[in-house]
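Working notes, structure below.
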Amino acid sequence: MYSFSLSVSKGFLKINLCLNTSKLQRFSTNYASEEFKKRLKTIEHVFDLREPSQYYSEARAIKRKIIYHAGPTNSGKTHHALQNFFSGSSGVYCGPLRMLAAEIYHKTNQKDIPCDMITGEERLWATDKGTPSNHISCTVEMCSTHHQFEVAVIDEIQMLRCPERGWAWTRALLGIPAKEIHLCGEPAGLDIVKKMLNSTKDTLEVYHYKRLTNLRVEKNIVQNIKRLKEGDCLVAFSQKKIYDYRKLIEDRLGLKCSVVYGRLPSNIRLEQAKQFNEGHSKILIASDAIGMGMNLNIQRIIFSSLDKFDGKVFGEAPVHHIKQIAGRAGRYRSKYKNGYVSTLQYDDLRRLHSIMAEEIPNIKKAGILPSLEQFELLSMVLPEKSLAELTEVFELLMKLDRNYFLCDVEKFKLAADELQHIPLTLQQSYIFAVAPVNISRDVVLPAMNEFAWRVCENVQVTSEDVKDILKWPPRKKPRSVRSLQYLEHLHETLDLYRWLSYRFEDIFIDRKGVNKLQSELERYITRAVETNMKYDTQDSKHLQHYVARKKRRKWRR
């Protein structure tokens, strides 16, 4: 490793970097030339993000009243905030998930208050398509910072800390031009919100809520699957283990199980949750996807493990993560008056008692991300650089206040890098790079490449083209988790088409046809989810060992 310092006097940026040899050579060649420094001086302000609130002139032009509803899960904080949304002459609800946006959309219209829904992949209109309603329910990334509202509700405000999506909550909090903004979330987010509002001159009121039902950590582990009972939710941080546990429970106990996890299409997640809530299935097996956005009649949460893979490393799940999931037990006004939490392992139970007794640490920083406009300004002086290279320049030269962090841009750079061989405009490249899909999927990346070429060549894409690209139809009866994952990746690719259809409306013209393909695919996935699929070899050994160990322990007694 080498230490490299570039100091530029009289207004130029100072950069201190610790780089390996290859990075040092690239930086010296590309970014340390006199010509580069001259170009940078003309747009030095673009890299200064120490006062992000000043990017939102409409919000700064009005006096905003911020109301923070602070409380744990099942405390009624969002319910109270929504009463103001319903009663306002106009309003916007910003949620973390499309399922939540859809729930508020339906609730609002059921109250005879016209409300539209806007998510990345879908638009629903309360009345005529050409007549927007005064109320909007949207995913937080889709909220407008230019349209004025009387009331705004920003749900799960603690997501400011999220390494990937935190920027969207920062943008909503600083940028929505609403007279009254209700924030709902953990008390841990209050401190950072106060610091962020120091530069906005908005007023802040705080209301604290307590949990409406009791939540207790059990004294003993769930030693054997035979001790599972109706209303239990077994949490596993792996799709494979979810299906393996389900097969084990259904085979051994004869109890029907529902499954819920993030990769499962939202319509199917809702149907699985409905089956569990209505008692058609007795046990829920789920990932951390149940942590927000779903109303579930769970009496007891049982963690199969407190460790999870966060996308980079495998380790202990954060305190706030475990408490958010645990808090789903004993929902207010469900048939269970109290909630319980336990584990499968003794070591995990000791840790769980400690975690549940802890206060969630205050959030120190909120996420932030450069906008398309900032990339466009940078590109004006560095027109020869690709989007991935421009992102690297931003990482090197960006100035941030101590209350903010740069959100993870690795996926953004990876997508931009994968598409740089296609002669897209900067704006087109940026749109593809921020698409909410995982391009590491075998199916998604080739389809994205094909879609990008069609945009570049201005060639329309119909549902028939999509069939050709995806080699439709897929196998209708997957027999293993791996083949189910393939169908889920196809579904994600169709979501990508729908998402692009709202950004390149002249290219992706067959939304209706693709919706039909997606409905057909969801029938295949539903059929697969209802099938008692094979174990994968590695997980099968783990689970059989667990069952055998419990049997031996019981025999010794």
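Just so we're on the same page: first chain in the structure tokens is A, next is B, and so on; residues restart at 1 for each chain, and ligands are numbered from 1 in the order they show up.
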Could you tell me, as a PyMOL selection string, which residues of region 277-331 of chain A DSSP assigns to strand (DSSP E) when given the backbone?
-> chain A and resi 283-286+300-303+307-309+314-316
Taking C-alpha atoms for each residue, export the selection above as a short mmCIF file (atom, residue, chain, number, x, y, z; two decimals), in the first residue's frame.
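Result written to selection04.cif:
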```cif
data_model
loop_
_atom_site.label_atom_id
_atom_site.label_comp_id
_atom_site.auth_asym_id
_atom_site.auth_seq_id
_atom_site.Cartn_x
_atom_site.Cartn_y
_atom_site.Cartn_z
CA ILE A 283 -47.06 -21.93 10.90
CA LEU A 284 -45.24 -19.15 9.06
CA ILE A 285 -41.64 -19.60 7.94
CA ALA A 286 -40.15 -16.29 6.93
CA ARG A 300 -44.37 -16.24 18.73
CA ILE A 301 -41.25 -15.41 16.72
CA ILE A 302 -38.58 -18.14 16.76
CA PHE A 303 -35.15 -17.27 15.36
CA ASP A 307 -26.51 -14.44 12.31
CA LYS A 308 -27.07 -13.47 8.69
CA PHE A 309 -25.29 -12.59 5.48
CA PHE A 314 -21.71 -13.22 7.41
CA GLY A 315 -22.09 -12.12 11.02
CA GLU A 316 -24.38 -11.02 13.82
#
```
Can you check which residues of region 179-391 of chain A DSSP gives as helix (DSSP H, G or I) on the backbone and send them as a PyMOL selection string?
-> chain A and resi 187-197+225-227+239-253+266-277+288-291+319-326+346-357+372-381+387-391
Non-local contacts of region 442-451 of chain A (12 Å; only C-alpha atoms; under 6 positions in same chain excluded) as a ChimeraX atom specification = /A:414-424,428-429,431-433,435-436,457-462,465-471,474,485-501,504,507-508
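Closest approach to Glu464 (chain A) among A:Arg511, A:Lys38, A:Pro163, A:Ala289 is made by A:Arg511 (distances from only C-alpha atoms).
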Go through region 89-167 of chain A residue by residue and, counting only C-alpha atoms, keep those with an atom at most 7 Å from region 360-379 of chain A; for each kept residue give the shortest atom pair and its distance in Å to one decimal, ordered by chain and increasing number, as a Markdown table.
```
| residue | atom | partner | partner_atom | distance |
| --- | --- | --- | --- | --- |
| A:Leu160 | CA | A:Ala366 | CA | 4.9 |
| A:Arg161 | CA | A:Ala366 | CA | 5.3 |
| A:Cys162 | CA | A:Gly367 | CA | 6.9 |
| A:Pro163 | CA | A:Gly367 | CA | 6.7 |
| A:Gly166 | CA | A:Gly367 | CA | 4.4 |
| A:Trp167 | CA | A:Ile368 | CA | 4.2 |
```
Spatial neighbours of Ser266 (chain A), 12 Å, only C-alpha atoms, chain gap at least 2 places, as a ChimeraX atom specification = /A:97-103,260-264,268-273,289-290,293-294,488,491-492,495,518-519,522,525-526
Keeping only N, CA and C atoms, write the selected residues to a file as a PDB file, in the first residue's frame.
```pdb
ATOM      1  N   LEU A  97     -41.962   0.101   1.030  1.00  0.00           N
ATOM      2  CA  LEU A  97     -42.278  -1.032   0.168  1.00  0.00           C
ATOM      3  C   LEU A  97     -43.504  -0.741  -0.672  1.00  0.00           C
ATOM      4  N   ARG A  98     -43.558  -1.351  -1.848  1.00  0.00           N
ATOM      5  CA  ARG A  98     -44.736  -1.168  -2.705  1.00  0.00           C
ATOM      6  C   ARG A  98     -45.974  -1.767  -2.045  1.00  0.00           C
ATOM      7  N   MET A  99     -45.788  -2.829  -1.229  1.00  0.00           N
ATOM      8  CA  MET A  99     -46.937  -3.410  -0.520  1.00  0.00           C
ATOM      9  C   MET A  99     -47.556  -2.413   0.441  1.00  0.00           C
ATOM     10  N   LEU A 100     -46.714  -1.636   1.132  1.00  0.00           N
ATOM     11  CA  LEU A 100     -47.226  -0.610   2.046  1.00  0.00           C
ATOM     12  C   LEU A 100     -47.897   0.510   1.265  1.00  0.00           C
ATOM     13  N   ALA A 101     -47.286   0.901   0.155  1.00  0.00           N
ATOM     14  CA  ALA A 101     -47.903   1.941  -0.678  1.00  0.00           C
ATOM     15  C   ALA A 101     -49.280   1.489  -1.153  1.00  0.00           C
ATOM     16  N   ALA A 102     -49.389   0.210  -1.538  1.00  0.00           N
ATOM     17  CA  ALA A 102     -50.668  -0.320  -2.003  1.00  0.00           C
ATOM     18  C   ALA A 102     -51.686  -0.372  -0.864  1.00  0.00           C
ATOM     19  N   GLU A 103     -51.230  -0.738   0.332  1.00  0.00           N
ATOM     20  CA  GLU A 103     -52.138  -0.811   1.481  1.00  0.00           C
ATOM     21  C   GLU A 103     -52.732   0.552   1.801  1.00  0.00           C
ATOM     22  N   VAL A 260     -42.713 -16.643   3.561  1.00  0.00           N
ATOM     23  CA  VAL A 260     -42.583 -15.239   3.154  1.00  0.00           C
ATOM     24  C   VAL A 260     -41.106 -14.877   3.159  1.00  0.00           C
ATOM     25  N   TYR A 261     -40.624 -14.321   2.045  1.00  0.00           N
ATOM     26  CA  TYR A 261     -39.242 -13.836   1.976  1.00  0.00           C
ATOM     27  C   TYR A 261     -39.165 -12.772   0.885  1.00  0.00           C
ATOM     28  N   GLY A 262     -38.104 -11.996   0.893  1.00  0.00           N
ATOM     29  CA  GLY A 262     -38.027 -10.803   0.063  1.00  0.00           C
ATOM     30  C   GLY A 262     -38.079 -11.038  -1.428  1.00  0.00           C
ATOM     31  N   ARG A 263     -37.477 -12.122  -1.891  1.00  0.00           N
ATOM     32  CA  ARG A 263     -37.424 -12.379  -3.328  1.00  0.00           C
ATOM     33  C   ARG A 263     -38.767 -12.850  -3.883  1.00  0.00           C
ATOM     34  N   LEU A 264     -39.646 -13.308  -3.025  1.00  0.00           N
ATOM     35  CA  LEU A 264     -40.957 -13.779  -3.453  1.00  0.00           C
ATOM     36  C   LEU A 264     -41.782 -12.585  -3.950  1.00  0.00           C
ATOM     37  N   ILE A 268     -47.661 -12.750  -4.187  1.00  0.00           N
ATOM     38  CA  ILE A 268     -47.613 -14.086  -3.594  1.00  0.00           C
ATOM     39  C   ILE A 268     -47.313 -13.992  -2.106  1.00  0.00           C
ATOM     40  N   ARG A 269     -46.463 -13.041  -1.716  1.00  0.00           N
ATOM     41  CA  ARG A 269     -46.216 -12.815  -0.284  1.00  0.00           C
ATOM     42  C   ARG A 269     -47.527 -12.492   0.440  1.00  0.00           C
ATOM     43  N   LEU A 270     -48.321 -11.613  -0.167  1.00  0.00           N
ATOM     44  CA  LEU A 270     -49.588 -11.225   0.450  1.00  0.00           C
ATOM     45  C   LEU A 270     -50.536 -12.405   0.555  1.00  0.00           C
ATOM     46  N   GLU A 271     -50.560 -13.253  -0.463  1.00  0.00           N
ATOM     47  CA  GLU A 271     -51.430 -14.427  -0.433  1.00  0.00           C
ATOM     48  C   GLU A 271     -50.972 -15.416   0.625  1.00  0.00           C
ATOM     49  N   GLN A 272     -49.665 -15.606   0.744  1.00  0.00           N
ATOM     50  CA  GLN A 272     -49.130 -16.494   1.784  1.00  0.00           C
ATOM     51  C   GLN A 272     -49.463 -15.951   3.174  1.00  0.00           C
ATOM     52  N   ALA A 273     -49.325 -14.640   3.342  1.00  0.00           N
ATOM     53  CA  ALA A 273     -49.658 -14.013   4.627  1.00  0.00           C
ATOM     54  C   ALA A 273     -51.147 -14.167   4.939  1.00  0.00           C
ATOM     55  N   ALA A 289     -38.019 -10.294   5.816  1.00  0.00           N
ATOM     56  CA  ALA A 289     -39.008  -9.534   5.039  1.00  0.00           C
ATOM     57  C   ALA A 289     -40.250  -9.213   5.862  1.00  0.00           C
ATOM     58  N   ILE A 290     -40.493  -9.952   6.947  1.00  0.00           N
ATOM     59  CA  ILE A 290     -41.665  -9.663   7.785  1.00  0.00           C
ATOM     60  C   ILE A 290     -41.416  -8.467   8.703  1.00  0.00           C
ATOM     61  N   GLY A 293     -44.017  -3.764   6.820  1.00  0.00           N
ATOM     62  CA  GLY A 293     -44.910  -3.783   5.669  1.00  0.00           C
ATOM     63  C   GLY A 293     -45.936  -4.891   5.626  1.00  0.00           C
ATOM     64  N   MET A 294     -46.000  -5.747   6.664  1.00  0.00           N
ATOM     65  CA  MET A 294     -46.972  -6.824   6.635  1.00  0.00           C
ATOM     66  C   MET A 294     -47.674  -6.944   7.982  1.00  0.00           C
ATOM     67  N   GLU A 488     -38.211 -16.812 -10.112  1.00  0.00           N
ATOM     68  CA  GLU A 488     -38.176 -15.527  -9.399  1.00  0.00           C
ATOM     69  C   GLU A 488     -37.305 -14.523 -10.127  1.00  0.00           C
ATOM     70  N   HIS A 491     -39.261 -13.183 -12.956  1.00  0.00           N
ATOM     71  CA  HIS A 491     -40.226 -12.205 -12.450  1.00  0.00           C
ATOM     72  C   HIS A 491     -39.540 -10.859 -12.222  1.00  0.00           C
ATOM     73  N   GLU A 492     -38.338 -10.886 -11.690  1.00  0.00           N
ATOM     74  CA  GLU A 492     -37.577  -9.648 -11.473  1.00  0.00           C
ATOM     75  C   GLU A 492     -37.273  -8.963 -12.802  1.00  0.00           C
ATOM     76  N   ASP A 495     -40.319  -7.230 -13.919  1.00  0.00           N
ATOM     77  CA  ASP A 495     -40.423  -5.999 -13.128  1.00  0.00           C
ATOM     78  C   ASP A 495     -39.542  -4.905 -13.721  1.00  0.00           C
ATOM     79  N   GLN A 518     -46.428 -11.682 -16.514  1.00  0.00           N
ATOM     80  CA  GLN A 518     -46.091 -11.719 -15.097  1.00  0.00           C
ATOM     81  C   GLN A 518     -47.168 -12.452 -14.298  1.00  0.00           C
ATOM     82  N   SER A 519     -48.427 -12.253 -14.659  1.00  0.00           N
ATOM     83  CA  SER A 519     -49.514 -12.962 -13.984  1.00  0.00           C
ATOM     84  C   SER A 519     -49.404 -14.465 -14.224  1.00  0.00           C
ATOM     85  N   GLU A 522     -46.585 -15.750 -12.111  1.00  0.00           N
ATOM     86  CA  GLU A 522     -46.954 -15.825 -10.695  1.00  0.00           C
ATOM     87  C   GLU A 522     -47.764 -17.077 -10.396  1.00  0.00           C
ATOM     88  N   ILE A 525     -45.144 -19.727 -10.034  1.00  0.00           N
ATOM     89  CA  ILE A 525     -44.418 -19.578  -8.771  1.00  0.00           C
ATOM     90  C   ILE A 525     -45.292 -20.008  -7.597  1.00  0.00           C
ATOM     91  N   THR A 526     -46.564 -19.622  -7.642  1.00  0.00           N
ATOM     92  CA  THR A 526     -47.494 -20.016  -6.574  1.00  0.00           C
ATOM     93  C   THR A 526     -47.583 -21.536  -6.483  1.00  0.00           C
TER      94      THR A 526
END
```
So, counting only C-alpha atoms, which residue among A:Asn134, A:Lys516, A:Ala188, A:Asp202 is closest to Met159 (chain A)?
->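 Of A:Asn134, A:Lys516, A:Ala188, A:Asp202, the one nearest Met159 (chain A), counting only C-alpha atoms, is A:Ala188.
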